[in-house]
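S.K.: This is input-v1.tsv, which holds TSV, C-alpha atoms:
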chain	number	residue	atom	x	y	z
S	1	MET	CA	0.00	0.00	0.00
S	2	LEU	CA	2.95	2.32	0.51
S	3	ASP	CA	3.72	2.16	-3.24
S	4	LEU	CA	0.16	3.27	-4.00
S	5	LEU	CA	0.30	6.06	-1.42
S	6	PHE	CA	3.56	7.41	-2.85
S	7	SER	CA	2.15	7.28	-6.39
S	8	ILE	CA	-0.90	9.29	-5.26
S	9	LEU	CA	1.25	11.94	-3.58
S	10	CYS	CA	3.60	12.21	-6.56
S	11	THR	CA	0.78	12.48	-9.09
S	12	THR	CA	-0.94	15.19	-7.06
S	13	THR	CA	2.36	17.08	-6.82
S	14	ILE	CA	2.58	17.12	-10.64
S	15	PHE	CA	-0.70	19.04	-10.98
S	16	VAL	CA	0.30	21.51	-8.27
S	17	VAL	CA	3.67	22.16	-9.91
S	18	PHE	CA	1.95	22.74	-13.27
S	19	LYS	CA	-0.21	25.41	-11.66
S	20	LEU	CA	2.85	27.01	-10.04
S	21	PHE	CA	4.53	27.19	-13.45
S	22	ASP	CA	1.88	29.68	-14.50
S	23	THR	CA	2.30	31.65	-11.26
S	24	TYR	CA	6.08	31.93	-11.51
S	25	LYS	CA	6.18	32.47	-15.30
S	26	VAL	CA	7.95	29.20	-16.05
S	27	GLN	CA	7.90	28.34	-19.76
S	28	THR	CA	6.14	25.00	-19.59
S	29	PRO	CA	7.39	23.32	-22.82
S	30	TYR	CA	11.05	23.88	-21.91
S	31	ALA	CA	10.57	22.92	-18.26
S	32	ILE	CA	8.90	19.69	-19.37
S	33	VAL	CA	11.92	18.75	-21.48
S	34	VAL	CA	14.21	19.30	-18.47
S	35	ASN	CA	11.75	17.31	-16.37
S	36	TYR	CA	12.09	14.27	-18.63
S	37	VAL	CA	15.88	14.44	-18.58
S	38	VAL	CA	15.72	14.46	-14.77
S	39	ALA	CA	13.16	11.63	-14.67
S	40	CYS	CA	15.27	9.50	-17.02
S	41	THR	CA	18.39	10.14	-14.93
S	42	VAL	CA	16.59	9.16	-11.71
S	43	GLY	CA	15.45	5.91	-13.33
S	44	LEU	CA	18.95	5.03	-14.51
S	45	LEU	CA	20.36	5.73	-11.05
S	46	LEU	CA	17.74	3.51	-9.40
S	47	TYR	CA	18.24	0.60	-11.79
S	48	GLU	CA	20.12	-2.09	-9.89
S	49	GLY	CA	21.14	-4.16	-12.89
S	50	THR	CA	23.88	-3.59	-15.44
S	51	ILE	CA	22.90	-1.12	-18.16
S	52	ASN	CA	23.52	-2.97	-21.41
S	53	VAL	CA	22.42	-0.96	-24.46
S	54	SER	CA	22.24	-4.02	-26.71
S	55	SER	CA	20.13	-5.93	-24.21
S	56	ILE	CA	17.78	-2.99	-23.69
S	57	THR	CA	17.21	-2.42	-27.41
S	58	GLN	CA	16.37	-6.11	-27.85
S	59	SER	CA	13.86	-6.13	-25.00
S	60	SER	CA	10.26	-6.85	-25.99
S	61	TRP	CA	9.14	-3.55	-24.45
S	62	PHE	CA	11.74	-1.28	-26.11
S	63	VAL	CA	9.71	-0.14	-29.14
S	64	GLY	CA	6.70	0.41	-26.90
S	65	ALA	CA	8.77	2.55	-24.53
S	66	MET	CA	9.87	4.62	-27.51
S	67	GLY	CA	6.30	5.26	-28.65
S	68	MET	CA	5.10	5.98	-25.13
S	69	GLY	CA	7.91	8.49	-24.65
S	70	VAL	CA	6.76	10.53	-27.65
S	71	PHE	CA	3.15	10.34	-26.48
S	72	PHE	CA	4.09	11.23	-22.89
S	73	ILE	CA	5.52	14.63	-23.76
S	74	LEU	CA	2.47	15.51	-25.86
S	75	ILE	CA	0.00	14.59	-23.11
S	76	PHE	CA	2.16	16.17	-20.41
S	77	ASN	CA	2.04	19.50	-22.22
S	78	LEU	CA	-1.74	19.19	-22.51
S	79	MET	CA	-2.01	18.38	-18.78
S	80	ALA	CA	0.06	21.45	-17.94
S	81	ARG	CA	-2.04	23.69	-20.15
S	82	ALA	CA	-5.27	22.28	-18.74
S	83	SER	CA	-4.07	22.94	-15.17
S	84	GLN	CA	-3.26	26.54	-16.07
S	85	VAL	CA	-6.34	27.31	-18.17
S	86	ALA	CA	-9.06	25.26	-16.48
S	87	GLY	CA	-7.56	24.73	-13.01
S	88	VAL	CA	-5.93	21.96	-10.98
S	89	THR	CA	-9.25	20.30	-10.14
S	90	VAL	CA	-10.45	20.13	-13.75
S	91	ALA	CA	-7.12	18.80	-15.03
S	92	SER	CA	-6.91	16.12	-12.35
S	93	VAL	CA	-10.50	14.96	-12.96
S	94	ALA	CA	-9.93	14.77	-16.72
S	95	THR	CA	-6.76	12.75	-16.19
S	96	LYS	CA	-8.18	10.36	-13.63
S	97	MET	CA	-11.43	9.77	-15.51
S	98	SER	CA	-9.29	8.14	-18.17
S	99	LEU	CA	-9.78	4.90	-16.25
S	100	VAL	CA	-12.69	4.20	-18.59
S	101	ILE	CA	-10.43	4.07	-21.68
S	102	PRO	CA	-8.69	0.77	-20.80
S	103	VAL	CA	-12.14	-0.74	-20.23
S	104	VAL	CA	-13.32	0.23	-23.72
S	105	ILE	CA	-10.05	-0.96	-25.30
S	106	GLY	CA	-10.40	-4.25	-23.45
S	107	MET	CA	-13.87	-4.72	-24.94
S	108	ILE	CA	-12.65	-4.08	-28.48
S	109	LEU	CA	-9.33	-5.97	-28.44
S	110	TYR	CA	-9.95	-8.72	-25.91
S	111	ASN	CA	-13.73	-9.24	-26.19
S	112	GLU	CA	-14.18	-8.35	-22.52
S	113	LYS	CA	-17.78	-7.91	-21.41
S	114	LEU	CA	-19.03	-4.60	-20.09
S	115	SER	CA	-21.61	-4.67	-17.32
S	116	LEU	CA	-24.52	-2.27	-17.12
S	117	PHE	CA	-22.85	-0.49	-14.20
S	118	GLN	CA	-19.58	-0.08	-16.12
S	119	GLY	CA	-21.44	1.35	-19.12
S	120	LEU	CA	-23.16	3.80	-16.83
S	121	GLY	CA	-19.79	4.66	-15.29
S	122	ILE	CA	-18.35	5.58	-18.70
S	123	LEU	CA	-21.25	7.93	-19.42
S	124	LEU	CA	-20.89	9.51	-15.97
S	125	ALA	CA	-17.15	10.00	-16.53
S	126	LEU	CA	-17.77	11.95	-19.73
S	127	ALA	CA	-20.37	14.04	-17.93
S	128	ALA	CA	-17.93	14.63	-15.06
S	129	VAL	CA	-15.30	16.09	-17.40
S	130	TYR	CA	-17.94	18.44	-18.83
S	131	PHE	CA	-19.41	19.65	-15.53
S	132	THR	CA	-16.03	20.25	-13.87
S	133	SER	CA	-14.92	22.27	-16.91
S	134	ILE	CA	-17.72	24.82	-17.16
S	135	LYS	CA	-17.34	28.13	-15.35
S	136	GLU	CA	-19.85	29.72	-13.00
S	137	ASN	CA	-22.01	32.59	-14.28
S	138	SER	CA	-20.99	31.96	-17.86
S	139	LEU	CA	-23.49	31.23	-20.61
S	140	VAL	CA	-20.73	30.62	-23.13
S	141	ILE	CA	-18.38	27.70	-22.52
S	142	SER	CA	-14.82	28.36	-23.59
S	143	LYS	CA	-13.79	25.86	-26.22
S	144	LYS	CA	-10.26	25.85	-24.81
S	145	ALA	CA	-11.53	25.15	-21.29
S	146	LEU	CA	-13.55	22.18	-22.54
S	147	VAL	CA	-11.35	20.75	-25.31
S	148	LEU	CA	-8.18	20.61	-23.20
S	149	PRO	CA	-9.67	18.39	-20.47
S	150	LEU	CA	-11.21	16.11	-23.11
S	151	LEU	CA	-7.85	15.69	-24.86
S	152	VAL	CA	-6.17	14.99	-21.52
S	153	PHE	CA	-8.93	12.46	-20.78
S	154	LEU	CA	-8.33	10.56	-24.02
S	155	GLY	CA	-4.53	10.75	-23.92
S	156	SER	CA	-4.24	9.70	-20.30
S	157	GLY	CA	-6.53	6.76	-20.96
S	158	ILE	CA	-4.30	5.52	-23.76
S	159	ILE	CA	-1.27	5.85	-21.48
S	160	ASP	CA	-3.04	3.91	-18.68
S	161	ALA	CA	-3.96	1.11	-21.07
S	162	SER	CA	-0.38	0.95	-22.39
S	163	MET	CA	1.13	0.91	-18.90
S	164	LYS	CA	-1.08	-1.98	-17.84
S	165	TYR	CA	-0.29	-3.89	-21.04
S	166	PHE	CA	3.47	-3.66	-20.58
S	167	GLU	CA	3.27	-4.39	-16.85
S	168	GLU	CA	1.33	-7.60	-17.54
S	169	ARG	CA	2.96	-8.86	-20.73
S	170	HIS	CA	6.55	-7.60	-20.81
S	171	LEU	CA	7.92	-6.44	-17.44
S	172	ASP	CA	9.21	-8.18	-14.35
S	173	SER	CA	9.81	-6.37	-11.06
S	174	LYS	CA	13.50	-5.76	-11.82
S	175	GLU	CA	12.74	-3.97	-15.10
S	176	VAL	CA	10.33	-1.34	-13.76
S	177	ALA	CA	13.08	1.24	-13.14
S	178	ILE	CA	14.81	0.85	-16.51
S	179	PHE	CA	11.51	0.71	-18.45
S	180	SER	CA	10.35	3.93	-16.79
S	181	ALA	CA	13.73	5.52	-17.49
S	182	MET	CA	13.53	4.60	-21.18
S	183	VAL	CA	10.02	6.03	-21.54
S	184	PHE	CA	11.17	9.31	-20.00
S	185	GLY	CA	14.38	9.24	-22.03
S	186	PHE	CA	12.50	9.06	-25.32
S	187	ALA	CA	10.17	11.78	-24.10
S	188	ALA	CA	13.24	13.93	-23.48
S	189	LEU	CA	14.59	13.21	-26.97
S	190	SER	CA	11.24	14.27	-28.43
S	191	GLY	CA	11.51	17.46	-26.43
S	192	PHE	CA	14.97	18.19	-27.77
S	193	VAL	CA	13.60	17.89	-31.30
S	194	PHE	CA	11.03	20.54	-30.37
S	195	ILE	CA	13.71	22.80	-28.89
S	196	GLY	CA	15.85	22.33	-31.99
S	197	TYR	CA	12.93	23.39	-34.17
S	198	LYS	CA	12.34	26.48	-32.03
S	199	ALA	CA	16.05	27.32	-32.02
S	200	ALA	CA	16.06	27.31	-35.82
S	201	GLN	CA	13.36	29.98	-35.76
S	202	GLU	CA	14.53	32.18	-32.91
S	203	THR	CA	17.33	32.58	-30.40
S	204	ILE	CA	16.73	30.55	-27.24
S	205	LYS	CA	18.37	31.61	-23.98
S	206	ILE	CA	18.80	29.38	-20.95
S	207	ASN	CA	16.26	30.39	-18.33
S	208	TYR	CA	17.04	29.27	-14.78
S	209	ARG	CA	13.33	29.21	-13.92
S	210	ASN	CA	12.68	26.67	-16.67
S	211	VAL	CA	15.58	24.50	-15.51
S	212	LEU	CA	14.60	24.67	-11.83
S	213	GLY	CA	10.95	24.04	-12.64
S	214	GLY	CA	11.89	21.01	-14.73
S	215	ILE	CA	14.01	19.58	-11.91
S	216	ILE	CA	11.22	20.07	-9.36
S	217	LEU	CA	8.75	18.40	-11.72
S	218	GLY	CA	10.99	15.56	-12.87
S	219	VAL	CA	11.40	13.77	-9.55
S	220	PRO	CA	7.68	13.33	-8.68
S	221	ASN	CA	6.92	12.61	-12.33
S	222	TYR	CA	9.28	9.65	-12.39
S	223	PHE	CA	8.12	8.25	-9.07
S	224	SER	CA	4.42	8.60	-9.94
S	225	ILE	CA	4.95	6.01	-12.70
S	226	PHE	CA	7.54	3.95	-10.81
S	227	PHE	CA	5.36	3.47	-7.73
S	228	LEU	CA	2.20	2.87	-9.79
S	229	LEU	CA	3.89	0.04	-11.71
S	230	ARG	CA	5.10	-1.45	-8.43
S	231	ALA	CA	1.62	-1.16	-6.93
S	232	LEU	CA	0.14	-2.97	-9.94
S	233	GLN	CA	2.52	-5.87	-9.29
S	234	ASN	CA	1.09	-6.34	-5.79
S	235	GLU	CA	-0.80	-9.66	-5.92
S	236	ASN	CA	-2.95	-8.75	-2.91
S	237	PHE	CA	-4.84	-6.09	-4.87
S	238	SER	CA	-6.45	-6.21	-8.31
S	239	SER	CA	-5.50	-3.62	-10.89
S	240	ALA	CA	-9.10	-2.34	-10.77
S	241	ALA	CA	-8.77	-1.70	-7.04
S	242	ILE	CA	-5.37	-0.02	-7.50
S	243	PHE	CA	-6.63	2.31	-10.22
S	244	THR	CA	-9.79	3.08	-8.25
S	245	ILE	CA	-7.99	4.05	-5.05
S	246	ASN	CA	-5.31	5.96	-6.97
S	247	ASN	CA	-7.69	7.93	-9.16
S	248	VAL	CA	-10.24	8.84	-6.50
S	249	ALA	CA	-7.51	9.88	-4.06
S	250	VAL	CA	-5.78	12.10	-6.63
S	251	VAL	CA	-9.04	13.82	-7.64
S	252	MET	CA	-9.99	14.52	-4.04
S	253	LEU	CA	-6.51	15.67	-3.00
S	254	CYS	CA	-6.16	17.95	-6.04
S	255	THR	CA	-9.57	19.43	-5.32
S	256	LEU	CA	-8.60	20.17	-1.72
S	257	LEU	CA	-5.25	21.70	-2.70
S	258	GLY	CA	-6.84	23.71	-5.52
S	259	ILE	CA	-9.16	25.34	-3.00
S	260	LEU	CA	-6.56	25.83	-0.24
S	261	MET	CA	-3.54	26.87	-2.32
S	262	PHE	CA	-4.99	28.59	-5.38
S	263	GLN	CA	-8.39	29.77	-4.13
S	264	GLU	CA	-10.11	27.91	-6.95
S	265	ARG	CA	-13.83	28.51	-6.66
S	266	LEU	CA	-16.10	25.67	-7.61
S	267	SER	CA	-19.72	26.08	-8.61
S	268	ILE	CA	-22.50	23.66	-7.70
S	269	LYS	CA	-22.11	22.14	-11.18
S	270	ASN	CA	-18.38	21.71	-10.62
S	271	TRP	CA	-18.98	19.93	-7.31
S	272	GLY	CA	-21.58	17.78	-9.03
S	273	GLY	CA	-19.01	16.88	-11.67
S	274	ILE	CA	-16.53	15.82	-8.98
S	275	ALA	CA	-19.20	13.65	-7.35
S	276	LEU	CA	-19.93	12.06	-10.74
S	277	ALA	CA	-16.20	11.48	-11.19
S	278	VAL	CA	-15.92	9.50	-7.98
S	279	LEU	CA	-19.07	7.52	-8.71
S	280	SER	CA	-17.99	6.70	-12.27
S	281	ILE	CA	-14.61	5.38	-11.13
S	282	VAL	CA	-16.26	3.12	-8.57
S	283	LEU	CA	-18.79	1.80	-11.11
S	284	VAL	CA	-16.18	1.09	-13.79
S	285	ALA	CA	-13.58	-0.49	-11.54
S	286	LEU	CA	-15.61	-2.44	-9.02
S	287	PHE	CA	-18.66	-3.75	-10.91
Would you mind writing the file's structure down as structure tokens?
M.R.:
Amino acid sequence: MLDLLFSILCTTTIFVVFKLFDTYKVQTPYAIVVNYVVACTVGLLLYEGTINVSSITQSSWFVGAMGMGVFFILIFNLMARASQVAGVTVASVATKMSLVIPVVIGMILYNEKLSLFQGLGILLALAAVYFTSIKENSLVISKKALVLPLLVFLGSGIIDASMKYFEERHLDSKEVAIFSAMVFGFAALSGFVFIGYKAAQETIKINYRNVLGGIILGVPNYFSIFFLLRALQNENFSSAAIFTINNVAVVMLCTLLGILMFQERLSIKNWGGIALAVLSIVLVALF
């Protein structure tokens, strides 16, 4: 249970740091690249085995880690933007509601059956993202405020499904650290391509805020994945239970911190969306 607790705390920290980026004028895309370099480095330092490049490239999970790395940096930027535009609570709900995506993918690829309660949970999750995104006293819903959480919802769901697939089919307990490091390493390489493109268009100066922000973000980012993978390998708890506890806890903790730290004001509809979020997770994971 300690692995799950640490994953919850690290994931919540990510959303808070994203919000602080906006407060302290940290350039998010550059800080995220630094973050992935730090996360990759932490993973390599924690890996207890011998780092053999040839062995790693021949691993069954290597190509998947490469693809996930590219996808990670895209979704991470969307998560950051959603936290800044729509708020910590909205971004966390959109991310954690992604639990429904692996269920749908399981139905399509593995012919898994979906119960009536799980189907209802999926509908409630979509409604939760909508209701937590709309602003009070506004007749017009900002497309940016609504589209960003929906993109985070879809992207995070794909990542969750991929993580579970590799944990079950390709990883043993000793490979968690190096697998996580490789995912973050490829994310960093994707980021450097972006920086190279920007540098070709304009002069880029090193900004200490971006570097410091990336370092602060990189450590909890790595451990959020590391501890989640370790929690999923715990035979005493099902993956459904792990995802349920993790997702509900993150949503609730982010909501509390959003109110206490950033004075985020939630309307009755927003609170209703959060309630739907919790209910949908329980329905999808436990029934």
S.K.: Neighbouring residues of S:Ser180 were defined as those with any atom within 9 Å, considering only C-alpha atoms; residues of the same chain fewer than 6 positions away were excluded. Please report them as a PDB file with C-alpha atoms, in the coordinates of the input.
M.R.:
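Full text of out_30.pdb as output:
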ATOM      1  CA  ALA S  39      13.160  11.630 -14.670  1.00  0.00           C
ATOM      2  CA  CYS S  40      15.270   9.500 -17.020  1.00  0.00           C
ATOM      3  CA  GLY S  43      15.450   5.910 -13.330  1.00  0.00           C
ATOM      4  CA  LEU S  44      18.950   5.030 -14.510  1.00  0.00           C
ATOM      5  CA  ALA S  65       8.770   2.550 -24.530  1.00  0.00           C
ATOM      6  CA  TYR S 222       9.280   9.650 -12.390  1.00  0.00           C
ATOM      7  CA  ILE S 225       4.950   6.010 -12.700  1.00  0.00           C
ATOM      8  CA  PHE S 226       7.540   3.950 -10.810  1.00  0.00           C
TER       9      PHE S 226
END
S.K.: Listing only residues of stretch 32-86 of chain S within 7 Å of stretch 201-216 of chain S, what is the closest atom pair and its distance in Å (to one decimal) for each, using all atoms listed in the file, sorted by chain and residue number ascending, as JSON lines?
M.R.:
{"residue": "S:Ile32", "atom": "CA", "partner": "S:Gly214", "partner_atom": "CA", "distance": 5.7}
{"residue": "S:Val34", "atom": "CA", "partner": "S:Gly214", "partner_atom": "CA", "distance": 4.7}
{"residue": "S:Asn35", "atom": "CA", "partner": "S:Gly214", "partner_atom": "CA", "distance": 4.0}
{"residue": "S:Val38", "atom": "CA", "partner": "S:Ile215", "partner_atom": "CA", "distance": 6.1}
S.K.: Atom CA of S:Gly67 and atom CA of S:Pro220, how far apart in Å?
M.R.: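 About the pair atom CA of S:Pro220 and atom CA of S:Gly67: they are 21.6 Å apart.
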S.K.: Please report as a tab-separated table every residue of stretch 22-124 of chain S lying within 8 Å of stretch 150-172 of chain S, along with the nearest atom pair and their distance in Å (one decimal), using all atoms listed in the file.
M.R.:
residue	atom	partner	partner_atom	distance
S:Ser60	CA	S:His170	CA	6.4
S:Trp61	CA	S:His170	CA	6.0
S:Met68	CA	S:Ile159	CA	7.3
S:Phe72	CA	S:Ile159	CA	7.7
S:Ile75	CA	S:Gly155	CA	6.0
S:Leu78	CA	S:Val152	CA	6.2
S:Met79	CA	S:Val152	CA	6.0
S:Ala82	CA	S:Val152	CA	7.9
S:Ala91	CA	S:Val152	CA	7.6
S:Ala94	CA	S:Phe153	CA	4.8
S:Thr95	CA	S:Phe153	CA	5.1
S:Lys96	CA	S:Phe153	CA	7.5
S:Met97	CA	S:Phe153	CA	6.4
S:Ser98	CA	S:Gly157	CA	4.2
S:Leu99	CA	S:Gly157	CA	6.0
S:Val100	CA	S:Gly157	CA	7.1
S:Ile101	CA	S:Gly157	CA	4.8
S:Pro102	CA	S:Ala161	CA	4.7
S:Ile105	CA	S:Ala161	CA	7.7
S.K.: Those residues with C-alpha atoms, as a compact mmCIF listing (two decimals), keeping the file's coordinate frame please?
M.R.:
# COMPACT_ATOMS: atom_id res chain seq x y z
CA SER S 60 10.26 -6.85 -25.99
CA TRP S 61 9.14 -3.55 -24.45
CA MET S 68 5.10 5.98 -25.13
CA PHE S 72 4.09 11.23 -22.89
CA ILE S 75 0.00 14.59 -23.11
CA LEU S 78 -1.74 19.19 -22.51
CA MET S 79 -2.01 18.38 -18.78
CA ALA S 82 -5.27 22.28 -18.74
CA ALA S 91 -7.12 18.80 -15.03
CA ALA S 94 -9.93 14.77 -16.72
CA THR S 95 -6.76 12.75 -16.19
CA LYS S 96 -8.18 10.36 -13.63
CA MET S 97 -11.43 9.77 -15.51
CA SER S 98 -9.29 8.14 -18.17
CA LEU S 99 -9.78 4.90 -16.25
CA VAL S 100 -12.69 4.20 -18.59
CA ILE S 101 -10.43 4.07 -21.68
CA PRO S 102 -8.69 0.77 -20.80
CA ILE S 105 -10.05 -0.96 -25.30
S.K.: Nearest to S:Arg265 among S:Leu189, S:Leu253, S:Ala86, S:Ile245, with distances taken over only C-alpha atoms: which residue is it?
M.R.: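 Counting only C-alpha atoms, the residue closest to S:Arg265 is S:Ala86.
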S.K.: Kindly extract all protein, DNA and RNA residues lying within 9 Å of the coordinates (16.4, 2.0, -10.8) given in the file, considering all atoms listed in the file, and supply them as a PyMOL selection string.
M.R.: chain S and resi 42-49+174-178+180-181
S.K.: When distances are computed from all atoms listed in the file, which of S:Leu279, S:Leu2, S:Val26, S:Val70 shows the smallest separation from S:Val193?
M.R.: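 Residue with the minimum atom-to-atom distance to S:Val193: S:Val70.
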S.K.: Write out as number ranges by chain the residues lying within 9 Å of S:Ala231, counting all atoms listed in the file and excluding same-chain residues fewer than 4 positions away.
M.R.: S: 1-4, 7, 226-227, 235, 237, 239, 242
S.K.: Using C-alpha atoms, can you write the selected residues to a file as a PDB file, in the frame of the given file?
M.R.:
ATOM      1  CA  MET S   1       0.000   0.000   0.000  1.00  0.00           C
ATOM      2  CA  LEU S   2       2.950   2.320   0.510  1.00  0.00           C
ATOM      3  CA  ASP S   3       3.720   2.160  -3.240  1.00  0.00           C
ATOM      4  CA  LEU S   4       0.160   3.270  -4.000  1.00  0.00           C
ATOM      5  CA  SER S   7       2.150   7.280  -6.390  1.00  0.00           C
ATOM      6  CA  PHE S 226       7.540   3.950 -10.810  1.00  0.00           C
ATOM      7  CA  PHE S 227       5.360   3.470  -7.730  1.00  0.00           C
ATOM      8  CA  GLU S 235      -0.800  -9.660  -5.920  1.00  0.00           C
ATOM      9  CA  PHE S 237      -4.840  -6.090  -4.870  1.00  0.00           C
ATOM     10  CA  SER S 239      -5.500  -3.620 -10.890  1.00  0.00           C
ATOM     11  CA  ILE S 242      -5.370  -0.020  -7.500  1.00  0.00           C
TER      12      ILE S 242
END
S.K.: Which value, in Å to one decimal, gives the distance between atom CA of S:Thr89 and atom CA of S:Arg230?
M.R.: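 It comes out at 26.1 Å.
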S.K.: Within 10 Å of (10.5, 18.3, -25.1) (coordinates as in the file), grab all the protein and nucleic acid residues, counting only C-alpha atoms, and write them out as JSON, numbers by chain.
M.R.: {"S": [28, 29, 30, 31, 32, 33, 34, 35, 36, 37, 70, 72, 73, 74, 76, 77, 186, 187, 188, 189, 190, 191, 192, 193, 194, 195, 196]}
S.K.: With 5 Å added on each side, what axis-aligned box encloses every listed atom of stretch 219-228 of chain S? Give the centre and edge lengths in Å to one decimal, as AutoDock Vina command-line options.
M.R.:
--center_x 6.8 --center_y 8.3 --center_z -10.2 --size_x 19.2 --size_y 20.9 --size_z 15.0
S.K.: Point out the residue among S:Met66, S:Val183, S:Val53, S:Val88 with the least atom-to-atom distance to S:Met261, counting only C-alpha atoms.
M.R.: S:Val88
S.K.: Using Å and a single decimal, report how far atom CA of S:Leu257 sits from atom CA of S:Cys10.
M.R.: 13.5 Å
S.K.: Give me the residues near S:Ala275 as a PyMOL selection string, where near means some atom within 10 Å (using only C-alpha atoms) and where sequence neighbours in that chain fewer than 4 positions away do not count.
M.R.: chain S and resi 124+128+132+252+269-271+279-280
S.K.: With all atoms listed in the file as the atoms that count, which of S:Lys113, S:Gly121, S:Val104, S:Val90 lies nearest to S:Leu146?
M.R.: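 Selected residue with least distance to S:Leu146: S:Val90.
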S.K.: For S:Leu123, which of S:Ile51, S:Leu9, S:Val284, S:Ala80 is the closest residue, counting all atoms listed in the file?
M.R.: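 Among the listed residues, the smallest separation from S:Leu123 belongs to S:Val284.
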S.K.: Which of these, S:Val129, S:Val93, S:Phe179, S:Val219, has the shortest distance to S:Thr57 once you count all atoms listed in the file?
M.R.: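 Answer, going by the shortest atom-to-atom distance: S:Phe179.
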